[in-house]
>>> print(open('start.cif').read())   # mmCIF, C-alpha atoms, pLDDT in the B column; chains and numbers go by the auth columns
data_target
#
loop_
_atom_site.group_PDB
_atom_site.id
_atom_site.type_symbol
_atom_site.label_atom_id
_atom_site.label_comp_id
_atom_site.label_asym_id
_atom_site.label_seq_id
_atom_site.Cartn_x
_atom_site.Cartn_y
_atom_site.Cartn_z
_atom_site.B_iso_or_equiv
_atom_site.auth_seq_id
_atom_site.auth_asym_id
ATOM 1 C CA MET A 1 97.680 103.886 86.335 49.00 54 A
ATOM 2 C CA SER A 2 98.135 100.386 87.656 43.00 55 A
ATOM 3 C CA SER A 3 95.408 98.051 86.498 40.00 56 A
ATOM 4 C CA THR A 4 93.564 95.466 88.525 40.00 57 A
ATOM 5 C CA ALA A 5 95.170 92.201 89.346 44.00 58 A
ATOM 6 C CA GLU A 6 92.155 90.323 88.085 42.00 59 A
ATOM 7 C CA GLU A 7 90.930 91.934 84.921 44.00 60 A
ATOM 8 C CA PRO A 8 92.452 90.108 81.976 39.00 61 A
ATOM 9 C CA VAL A 9 94.273 91.862 79.206 38.00 62 A
ATOM 10 C CA THR A 10 93.544 88.984 76.890 37.00 63 A
ATOM 11 C CA GLY A 11 90.205 88.387 75.201 38.00 64 A
ATOM 12 C CA PRO A 12 88.246 90.369 72.594 39.00 65 A
ATOM 13 C CA LEU A 13 89.671 93.661 71.419 41.00 66 A
ATOM 14 C CA ILE A 14 87.976 96.773 72.767 40.00 67 A
ATOM 15 C CA SER A 15 87.460 100.118 71.103 42.00 68 A
ATOM 16 C CA GLN A 16 89.872 102.994 71.681 44.00 69 A
ATOM 17 C CA GLU A 17 87.077 104.917 73.394 44.00 70 A
ATOM 18 C CA THR A 18 86.422 102.052 75.825 37.00 71 A
ATOM 19 C CA HIS A 19 90.155 101.563 76.377 36.00 72 A
ATOM 20 C CA GLU A 20 90.548 105.225 77.324 43.00 73 A
ATOM 21 C CA ALA A 21 87.519 105.161 79.621 39.00 74 A
ATOM 22 C CA ARG A 22 88.916 102.131 81.436 41.00 75 A
ATOM 23 C CA ARG A 23 92.461 103.547 81.555 42.00 76 A
ATOM 24 C CA THR A 24 91.284 106.694 83.337 44.00 77 A
ATOM 25 C CA SER A 25 88.792 105.019 85.702 43.00 78 A
ATOM 26 C CA PHE A 26 91.111 104.462 88.666 43.00 79 A
ATOM 27 C CA GLY A 27 91.704 107.865 90.266 42.00 80 A
ATOM 28 C CA ALA A 28 88.305 108.433 91.894 46.00 81 A
ATOM 29 C CA GLY A 29 88.558 105.304 94.078 63.00 82 A
ATOM 30 C CA ALA A 30 92.291 105.491 94.728 70.00 83 A
ATOM 31 C CA ALA A 31 92.089 104.966 98.509 74.00 84 A
ATOM 32 C CA ASP A 32 89.964 101.825 98.133 76.00 85 A
ATOM 33 C CA TYR A 33 92.280 100.675 95.352 66.00 86 A
ATOM 34 C CA ASP A 34 95.254 100.885 97.674 76.00 87 A
ATOM 35 C CA ARG A 35 93.467 99.085 100.491 75.00 88 A
ATOM 36 C CA VAL A 36 92.121 96.065 98.598 73.00 89 A
ATOM 37 C CA ARG A 37 94.570 95.404 95.763 79.00 90 A
ATOM 38 C CA PRO A 38 97.303 92.737 95.952 87.00 91 A
ATOM 39 C CA GLU A 39 100.744 93.626 97.269 91.00 92 A
ATOM 40 C CA TRP A 40 104.063 93.174 95.454 96.00 93 A
ATOM 41 C CA PRO A 41 106.379 90.803 97.362 96.00 94 A
ATOM 42 C CA ALA A 42 110.019 91.797 97.812 97.00 95 A
ATOM 43 C CA ALA A 43 111.213 88.601 96.115 97.00 96 A
ATOM 44 C CA THR A 44 109.259 89.430 92.960 97.00 97 A
ATOM 45 C CA LEU A 45 110.663 92.956 92.687 98.00 98 A
ATOM 46 C CA THR A 46 114.185 91.757 93.420 98.00 99 A
ATOM 47 C CA TRP A 47 113.946 89.298 90.536 98.00 100 A
ATOM 48 C CA LEU A 48 112.561 91.966 88.182 98.00 101 A
ATOM 49 C CA LEU A 49 115.623 94.122 88.852 98.00 102 A
ATOM 50 C CA CYS A 50 117.912 91.129 88.254 96.00 103 A
ATOM 51 C CA ASP A 51 118.706 90.440 91.912 93.00 104 A
ATOM 52 C CA PRO A 52 120.604 93.632 92.817 93.00 105 A
ATOM 53 C CA THR A 53 122.925 93.470 95.808 91.00 106 A
ATOM 54 C CA ARG A 54 123.147 97.268 96.141 94.00 107 A
ATOM 55 C CA ALA A 55 120.733 100.162 96.422 97.00 108 A
ATOM 56 C CA LEU A 56 119.604 101.367 92.995 98.00 109 A
ATOM 57 C CA ASP A 57 117.931 104.414 91.499 98.00 110 A
ATOM 58 C CA VAL A 58 114.673 102.812 90.333 98.00 111 A
ATOM 59 C CA LEU A 59 111.808 104.081 88.187 98.00 112 A
ATOM 60 C CA ASP A 60 108.385 102.744 89.175 98.00 113 A
ATOM 61 C CA LEU A 61 106.376 103.427 86.027 98.00 114 A
ATOM 62 C CA GLY A 62 102.599 103.689 86.365 96.00 115 A
ATOM 63 C CA ALA A 63 103.135 103.522 90.117 96.00 116 A
ATOM 64 C CA GLY A 64 99.455 103.857 90.990 93.00 117 A
ATOM 65 C CA THR A 65 98.946 104.273 94.729 93.00 118 A
ATOM 66 C CA GLY A 66 102.427 102.966 95.482 95.00 119 A
ATOM 67 C CA LYS A 67 101.806 99.274 96.139 94.00 120 A
ATOM 68 C CA GLY A 68 105.127 98.391 94.504 97.00 121 A
ATOM 69 C CA THR A 69 106.798 101.717 95.294 98.00 122 A
ATOM 70 C CA ARG A 70 106.723 101.080 99.028 97.00 123 A
ATOM 71 C CA THR A 71 108.233 97.617 98.635 97.00 124 A
ATOM 72 C CA LEU A 72 111.021 98.961 96.427 98.00 125 A
ATOM 73 C CA ALA A 73 111.843 101.676 98.959 98.00 126 A
ATOM 74 C CA ASP A 74 111.750 99.195 101.825 97.00 127 A
ATOM 75 C CA LEU A 75 114.354 97.148 99.939 97.00 128 A
ATOM 76 C CA GLY A 76 116.626 100.189 100.153 97.00 129 A
ATOM 77 C CA HIS A 77 116.215 101.545 96.639 98.00 130 A
ATOM 78 C CA ARG A 78 115.819 105.234 95.773 98.00 131 A
ATOM 79 C CA VAL A 79 112.542 105.337 93.866 98.00 132 A
ATOM 80 C CA THR A 80 111.089 107.769 91.347 98.00 133 A
ATOM 81 C CA ALA A 81 107.371 106.958 91.131 98.00 134 A
ATOM 82 C CA VAL A 82 105.784 108.213 87.896 98.00 135 A
ATOM 83 C CA GLU A 83 101.987 108.141 87.708 97.00 136 A
ATOM 84 C CA PRO A 84 99.564 110.012 85.370 94.00 137 A
ATOM 85 C CA SER A 85 96.620 110.151 87.826 92.00 138 A
ATOM 86 C CA GLU A 86 96.788 112.897 90.445 93.00 139 A
ATOM 87 C CA GLY A 87 94.233 111.014 92.537 92.00 140 A
ATOM 88 C CA MET A 88 96.419 107.907 92.640 92.00 141 A
ATOM 89 C CA LEU A 89 99.560 109.962 93.244 95.00 142 A
ATOM 90 C CA ALA A 90 97.950 111.718 96.219 94.00 143 A
ATOM 91 C CA VAL A 91 97.333 108.363 97.921 94.00 144 A
ATOM 92 C CA LEU A 92 100.894 107.304 97.085 96.00 145 A
ATOM 93 C CA ARG A 93 102.297 110.436 98.734 96.00 146 A
ATOM 94 C CA ASP A 94 100.169 109.935 101.856 95.00 147 A
ATOM 95 C CA GLY A 95 101.474 106.397 102.348 93.00 148 A
ATOM 96 C CA LEU A 96 105.212 107.024 101.983 96.00 149 A
ATOM 97 C CA GLY A 97 106.156 107.969 105.515 95.00 150 A
ATOM 98 C CA GLU A 98 109.937 108.472 105.629 94.00 151 A
ATOM 99 C CA ARG A 99 110.668 106.342 102.557 96.00 152 A
ATOM 100 C CA ASP A 100 113.141 107.605 99.940 96.00 153 A
ATOM 101 C CA VAL A 101 110.666 108.190 97.104 98.00 154 A
ATOM 102 C CA ARG A 102 110.200 111.036 94.623 98.00 155 A
ATOM 103 C CA PRO A 103 106.590 111.094 93.329 98.00 156 A
ATOM 104 C CA VAL A 104 106.244 112.583 89.826 98.00 157 A
ATOM 105 C CA LEU A 105 103.104 113.304 87.802 97.00 158 A
ATOM 106 C CA GLY A 106 103.721 112.046 84.271 97.00 159 A
ATOM 107 C CA ASP A 107 103.189 109.285 81.762 94.00 160 A
ATOM 108 C CA ALA A 108 105.224 106.563 80.081 96.00 161 A
ATOM 109 C CA GLU A 109 105.183 108.098 76.632 96.00 162 A
ATOM 110 C CA ASN A 110 106.873 111.318 77.766 96.00 163 A
ATOM 111 C CA LEU A 111 108.832 110.509 80.899 97.00 164 A
ATOM 112 C CA PRO A 112 109.814 113.611 82.890 97.00 165 A
ATOM 113 C CA LEU A 113 113.254 112.141 83.700 98.00 166 A
ATOM 114 C CA ASP A 114 116.753 112.882 82.398 98.00 167 A
ATOM 115 C CA ASP A 115 118.661 110.544 80.105 98.00 168 A
ATOM 116 C CA ASP A 116 120.643 107.808 81.897 98.00 169 A
ATOM 117 C CA SER A 117 119.108 108.773 85.250 98.00 170 A
ATOM 118 C CA VAL A 118 118.034 105.396 86.713 98.00 171 A
ATOM 119 C CA ASP A 119 119.687 102.016 87.214 98.00 172 A
ATOM 120 C CA GLY A 120 116.505 99.993 86.788 98.00 173 A
ATOM 121 C CA ALA A 121 112.796 100.306 86.045 98.00 174 A
ATOM 122 C CA VAL A 122 109.636 98.365 86.783 98.00 175 A
ATOM 123 C CA CYS A 123 106.078 98.596 85.490 96.00 176 A
ATOM 124 C CA LEU A 124 103.607 96.666 87.620 95.00 177 A
ATOM 125 C CA GLN A 125 100.142 95.833 86.335 91.00 178 A
ATOM 126 C CA ALA A 126 100.157 98.805 83.965 91.00 179 A
ATOM 127 C CA TRP A 127 102.112 98.219 80.731 91.00 180 A
ATOM 128 C CA HIS A 128 98.987 97.240 78.766 84.00 181 A
ATOM 129 C CA TRP A 129 97.814 100.859 79.136 85.00 182 A
ATOM 130 C CA VAL A 130 101.030 102.148 77.511 90.00 183 A
ATOM 131 C CA ASP A 131 101.908 102.807 73.877 91.00 184 A
ATOM 132 C CA ALA A 132 104.632 100.137 73.867 89.00 185 A
ATOM 133 C CA GLU A 133 106.749 101.697 71.126 92.00 186 A
ATOM 134 C CA ARG A 134 106.858 105.187 72.622 95.00 187 A
ATOM 135 C CA GLY A 135 107.006 103.950 76.189 95.00 188 A
ATOM 136 C CA GLY A 136 109.749 101.433 75.470 95.00 189 A
ATOM 137 C CA LEU A 137 111.967 104.064 73.899 97.00 190 A
ATOM 138 C CA GLN A 138 111.384 106.373 76.862 98.00 191 A
ATOM 139 C CA VAL A 139 112.305 103.703 79.407 98.00 192 A
ATOM 140 C CA ALA A 140 115.422 102.825 77.376 98.00 193 A
ATOM 141 C CA ARG A 141 116.348 106.519 77.299 98.00 194 A
ATOM 142 C CA VAL A 142 116.269 106.989 81.058 98.00 195 A
ATOM 143 C CA LEU A 143 118.029 103.721 81.920 98.00 196 A
ATOM 144 C CA ARG A 144 121.762 103.703 82.441 98.00 197 A
ATOM 145 C CA PRO A 145 123.835 101.214 80.402 97.00 198 A
ATOM 146 C CA GLY A 146 123.161 97.679 81.534 96.00 199 A
ATOM 147 C CA GLY A 147 119.933 98.604 83.321 97.00 200 A
ATOM 148 C CA TRP A 148 117.028 96.157 83.617 97.00 201 A
ATOM 149 C CA PHE A 149 113.343 96.731 82.917 97.00 202 A
ATOM 150 C CA GLY A 150 110.912 94.472 84.779 96.00 203 A
ATOM 151 C CA LEU A 151 107.214 94.038 84.041 95.00 204 A
ATOM 152 C CA ALA A 152 104.709 91.973 86.012 95.00 205 A
ATOM 153 C CA TRP A 153 101.021 91.164 86.223 93.00 206 A
ATOM 154 C CA HIS A 154 99.020 89.468 88.958 92.00 207 A
ATOM 155 C CA GLN A 155 96.176 87.459 87.442 89.00 208 A
ATOM 156 C CA LEU A 156 93.603 85.271 89.125 88.00 209 A
ATOM 157 C CA ASP A 157 94.410 81.575 89.124 91.00 210 A
ATOM 158 C CA THR A 158 91.342 80.279 87.311 87.00 211 A
ATOM 159 C CA SER A 159 92.228 76.631 87.958 89.00 212 A
ATOM 160 C CA GLN A 160 89.877 76.867 90.950 88.00 213 A
ATOM 161 C CA ASP A 161 86.117 76.605 90.602 90.00 214 A
ATOM 162 C CA TRP A 162 85.315 79.671 92.672 92.00 215 A
ATOM 163 C CA THR A 163 87.578 82.026 90.739 91.00 216 A
ATOM 164 C CA ARG A 164 85.947 80.870 87.509 91.00 217 A
ATOM 165 C CA GLU A 165 82.615 81.643 89.147 93.00 218 A
ATOM 166 C CA LEU A 166 83.952 85.097 89.977 93.00 219 A
ATOM 167 C CA TYR A 167 84.886 85.800 86.358 87.00 220 A
ATOM 168 C CA ALA A 168 81.483 84.600 85.201 89.00 221 A
ATOM 169 C CA ALA A 169 79.748 86.840 87.767 91.00 222 A
ATOM 170 C CA CYS A 170 81.757 89.753 86.388 87.00 223 A
ATOM 171 C CA ARG A 171 80.440 89.072 82.873 77.00 224 A
ATOM 172 C CA ARG A 172 83.900 88.037 81.709 65.00 225 A
ATOM 173 C CA PRO A 173 83.586 84.270 81.138 47.00 226 A
ATOM 174 C CA GLU A 174 86.107 84.406 78.257 45.00 227 A
ATOM 175 C CA ALA A 175 88.839 85.198 80.777 43.00 228 A
ATOM 176 C CA ALA A 176 88.467 81.855 82.495 40.00 229 A
ATOM 177 C CA SER A 177 89.254 79.892 79.355 37.00 230 A
ATOM 178 C CA THR A 178 92.210 81.826 78.034 36.00 231 A
ATOM 179 C CA GLY A 179 95.605 80.203 78.497 38.00 232 A
ATOM 180 C CA GLU A 180 97.624 83.263 77.515 40.00 233 A
ATOM 181 C CA SER A 181 99.137 85.686 79.967 47.00 234 A
ATOM 182 C CA SER A 182 98.861 89.416 79.453 56.00 235 A
ATOM 183 C CA GLY A 183 102.613 89.597 79.135 57.00 236 A
ATOM 184 C CA SER A 184 102.841 86.989 76.394 56.00 237 A
ATOM 185 C CA LEU A 185 100.682 89.205 74.195 50.00 238 A
ATOM 186 C CA ILE A 186 102.151 92.575 75.147 54.00 239 A
ATOM 187 C CA LEU A 187 105.857 91.775 75.165 61.00 240 A
ATOM 188 C CA THR A 188 106.015 90.804 71.522 65.00 241 A
ATOM 189 C CA GLY A 189 108.558 93.585 71.272 73.00 242 A
ATOM 190 C CA VAL A 190 109.665 96.564 73.328 89.00 243 A
ATOM 191 C CA PRO A 191 111.875 99.045 71.457 90.00 244 A
ATOM 192 C CA GLY A 192 115.219 99.535 73.132 93.00 245 A
ATOM 193 C CA PHE A 193 115.274 96.061 74.656 93.00 246 A
ATOM 194 C CA GLY A 194 116.195 92.590 73.502 84.00 247 A
ATOM 195 C CA GLY A 195 114.438 89.435 74.601 85.00 248 A
ATOM 196 C CA PHE A 196 112.693 89.192 77.969 91.00 249 A
ATOM 197 C CA GLU A 197 113.176 86.440 80.521 92.00 250 A
ATOM 198 C CA HIS A 198 109.938 85.032 81.922 92.00 251 A
ATOM 199 C CA ARG A 199 109.181 83.726 85.395 94.00 252 A
ATOM 200 C CA GLN A 200 105.870 82.715 86.946 94.00 253 A
ATOM 201 C CA THR A 201 105.132 82.784 90.666 94.00 254 A
ATOM 202 C CA THR A 202 102.056 82.410 92.859 93.00 255 A
ATOM 203 C CA TYR A 203 100.493 84.861 95.277 92.00 256 A
ATOM 204 C CA ASP A 204 97.515 84.401 97.600 94.00 257 A
ATOM 205 C CA MET A 205 95.503 87.321 98.939 92.00 258 A
ATOM 206 C CA VAL A 206 93.211 86.928 101.955 95.00 259 A
ATOM 207 C CA LEU A 207 90.275 89.318 102.139 93.00 260 A
ATOM 208 C CA SER A 208 86.687 89.631 103.334 95.00 261 A
ATOM 209 C CA PRO A 209 83.621 89.416 101.076 96.00 262 A
ATOM 210 C CA ASP A 210 83.142 93.186 101.580 94.00 263 A
ATOM 211 C CA ASP A 211 86.690 93.852 100.385 92.00 264 A
ATOM 212 C CA LEU A 212 86.170 91.544 97.407 94.00 265 A
ATOM 213 C CA VAL A 213 83.181 93.650 96.360 94.00 266 A
ATOM 214 C CA THR A 214 85.219 96.826 96.815 90.00 267 A
ATOM 215 C CA GLN A 215 88.038 95.409 94.736 86.00 268 A
ATOM 216 C CA VAL A 216 85.763 94.269 91.914 89.00 269 A
ATOM 217 C CA ALA A 217 84.022 97.677 91.955 87.00 270 A
ATOM 218 C CA SER A 218 87.354 99.289 91.079 79.00 271 A
ATOM 219 C CA TRP A 219 88.181 96.997 88.160 79.00 272 A
ATOM 220 C CA SER A 220 88.197 99.173 85.084 75.00 273 A
ATOM 221 C CA HIS A 221 85.670 97.221 83.042 78.00 274 A
ATOM 222 C CA ILE A 222 83.285 97.063 86.028 86.00 275 A
ATOM 223 C CA ALA A 223 83.630 100.794 86.692 80.00 276 A
ATOM 224 C CA ILE A 224 82.050 101.548 83.304 82.00 277 A
ATOM 225 C CA HIS A 225 79.817 98.455 82.948 86.00 278 A
ATOM 226 C CA PRO A 226 76.068 99.143 82.440 89.00 279 A
ATOM 227 C CA GLU A 227 75.229 96.220 84.780 89.00 280 A
ATOM 228 C CA ARG A 228 77.663 97.352 87.473 91.00 281 A
ATOM 229 C CA GLU A 229 75.269 97.276 90.446 94.00 282 A
ATOM 230 C CA GLN A 230 73.904 93.832 89.587 95.00 283 A
ATOM 231 C CA ILE A 231 77.427 92.487 89.067 94.00 284 A
ATOM 232 C CA LEU A 232 78.491 93.749 92.499 95.00 285 A
ATOM 233 C CA ALA A 233 75.406 92.195 94.077 96.00 286 A
ATOM 234 C CA ASP A 234 76.234 88.859 92.432 96.00 287 A
ATOM 235 C CA VAL A 235 79.857 89.114 93.616 95.00 288 A
ATOM 236 C CA ARG A 236 78.696 89.748 97.185 96.00 289 A
ATOM 237 C CA VAL A 237 76.483 86.657 97.142 97.00 290 A
ATOM 238 C CA LEU A 238 79.336 84.581 95.738 96.00 291 A
ATOM 239 C CA GLY A 239 81.852 85.917 98.261 96.00 292 A
ATOM 240 C CA GLU A 240 79.599 85.282 101.241 96.00 293 A
ATOM 241 C CA ARG A 241 78.833 81.762 100.003 96.00 294 A
ATOM 242 C CA ARG A 242 82.500 80.911 99.419 95.00 295 A
ATOM 243 C CA ALA A 243 83.942 82.540 102.552 96.00 296 A
ATOM 244 C CA ASP A 244 85.491 80.319 105.201 95.00 297 A
ATOM 245 C CA GLY A 245 85.435 81.865 108.666 96.00 298 A
ATOM 246 C CA GLY A 246 84.459 85.181 107.097 96.00 299 A
ATOM 247 C CA LEU A 247 87.472 85.277 104.752 97.00 300 A
ATOM 248 C CA LEU A 248 88.311 84.369 101.179 95.00 301 A
ATOM 249 C CA THR A 249 91.623 83.293 99.702 95.00 302 A
ATOM 250 C CA LEU A 250 92.082 84.822 96.271 93.00 303 A
ATOM 251 C CA PRO A 251 94.796 82.839 94.436 93.00 304 A
ATOM 252 C CA HIS A 252 96.934 84.524 91.790 92.00 305 A
ATOM 253 C CA VAL A 253 99.490 83.589 89.197 93.00 306 A
ATOM 254 C CA THR A 254 102.076 86.345 88.716 94.00 307 A
ATOM 255 C CA ASP A 255 103.730 86.649 85.303 93.00 308 A
ATOM 256 C CA CYS A 256 107.112 88.383 85.545 94.00 309 A
ATOM 257 C CA PHE A 257 109.326 89.562 82.699 94.00 310 A
ATOM 258 C CA ARG A 258 112.722 91.291 82.702 95.00 311 A
ATOM 259 C CA GLY A 259 114.912 92.567 79.892 94.00 312 A
ATOM 260 C CA GLN A 260 118.157 94.520 79.669 95.00 313 A
ATOM 261 C CA VAL A 261 118.455 97.801 77.816 96.00 314 A
ATOM 262 C CA GLU A 262 120.270 97.516 74.499 92.00 315 A
ATOM 263 C CA GLY A 263 123.461 99.384 73.702 77.00 316 A
#
>>> encode(input="start.cif", output="structure tokens")
Amino acid sequence: MSSTAEEPVTGPLISQETHEARRTSFGAGAADYDRVRPEWPAATLTWLLCDPTRALDVLDLGAGTGKGTRTLADLGHRVTAVEPSEGMLAVLRDGLGERDVRPVLGDAENLPLDDDSVDGAVCLQAWHWVDAERGGLQVARVLRPGGWFGLAWHQLDTSQDWTRELYAACRRPEAASTGESSGSLILTGVPGFGGFEHRQTTYDMVLSPDDLVTQVASWSHIAIHPEREQILADVRVLGERRADGGLLTLPHVTDCFRGQVEG
């Protein structure tokens, strides 16, 4: 269920029908999604779990194709990866190798986990697709006392001219002018948790113009956009014009939040 790193959660409200169409648009292109989406650095996930010094039982909620799942497992944690899309979960399973991960088909609002069954939880690039009240109570239910819940979003750093051009090419010029992070709007309150600490980091992704087009093609609002083919053509022209030595550097700002379960 993980969303794109680049599509903003801020901006004009969308209808419930459009929201649902975008939320379910990821499974068909799951393999491309896994290949061209940003990674989750170990330092970011360690901070989200409040710098653990021991192996934890961790819930990766809305795990998608396992971009964060693999990093968590490589840090030594025992991971339960919950994802509502079978297409995404199939790619996750294929990429696990010998990692200690339990993939589970399910959603945030009705977690198929026992009470007090995990030490920590993360939700990477996906919480804006969740009913925050129901999902928050479910995460609080499965966390053991003192457990931490971390949420994070990669978003394009639109301080650079070319990333603003990219948003404009994608018919989303409002995203380039917003100063609000997705998290600042979504984490107005999560039942079962107190206040959330906030940290911002940077992340650069290097990719080819072809991979940029593939990535943009999988963004949820592009997947259902009536001008999709023209947008992708415009993105290709932009990517080829901006590439240096055949590659592009896509700069991100990563908003990270962590809160401790109440009670």
>>> resolve_selection(input="start.cif", expression="the PyMOL selection byres ((chain A and resi 316) around 9)", output="VMD selection string")
chain A and resid 198 to 199 245 to 246 314 to 315
>>> atom_distance(input="start.cif", atom1="atom CA of Gln313 of chain A", atom2="atom CA of Glu250 of chain A")
9.5 Å
>>> resolve_selection(input="start.cif", expression="the PyMOL selection byres ((chain A and resi 103-119) around 7)", output="MDAnalysis selection string")
chainID A and resid 54:55 83 87 99:102 120:123 129:136 141:142 144:145 161 171:176 179 201
>>> residues_around(input="start.cif", residues="Tyr256 of chain A", least_positions_apart="2", cutoff="7 Å", atoms="all atoms listed in the file", output="MDAnalysis selection string")
chainID A and resid 254 258 304:307
>>> residues_around(input="start.cif", residues="Gly189 of chain A", least_positions_apart="2", cutoff="10 Å", atoms="only C-alpha atoms", output="list in words")
Ala161, Glu162, Trp180, Val183, Asp184, Ala185, Glu186, Arg187, Gln191, Val192, Ala193, Arg194, Phe202, Gly242, Val243, Pro244, Gly245, Phe246 and Val314 of chain A
>>> closest_residue(input="start.cif", among="A:Arg224, A:Arg217, A:Arg88, A:Arg152", to="Ser261 of chain A", atoms="only C-alpha atoms")
A:Arg88
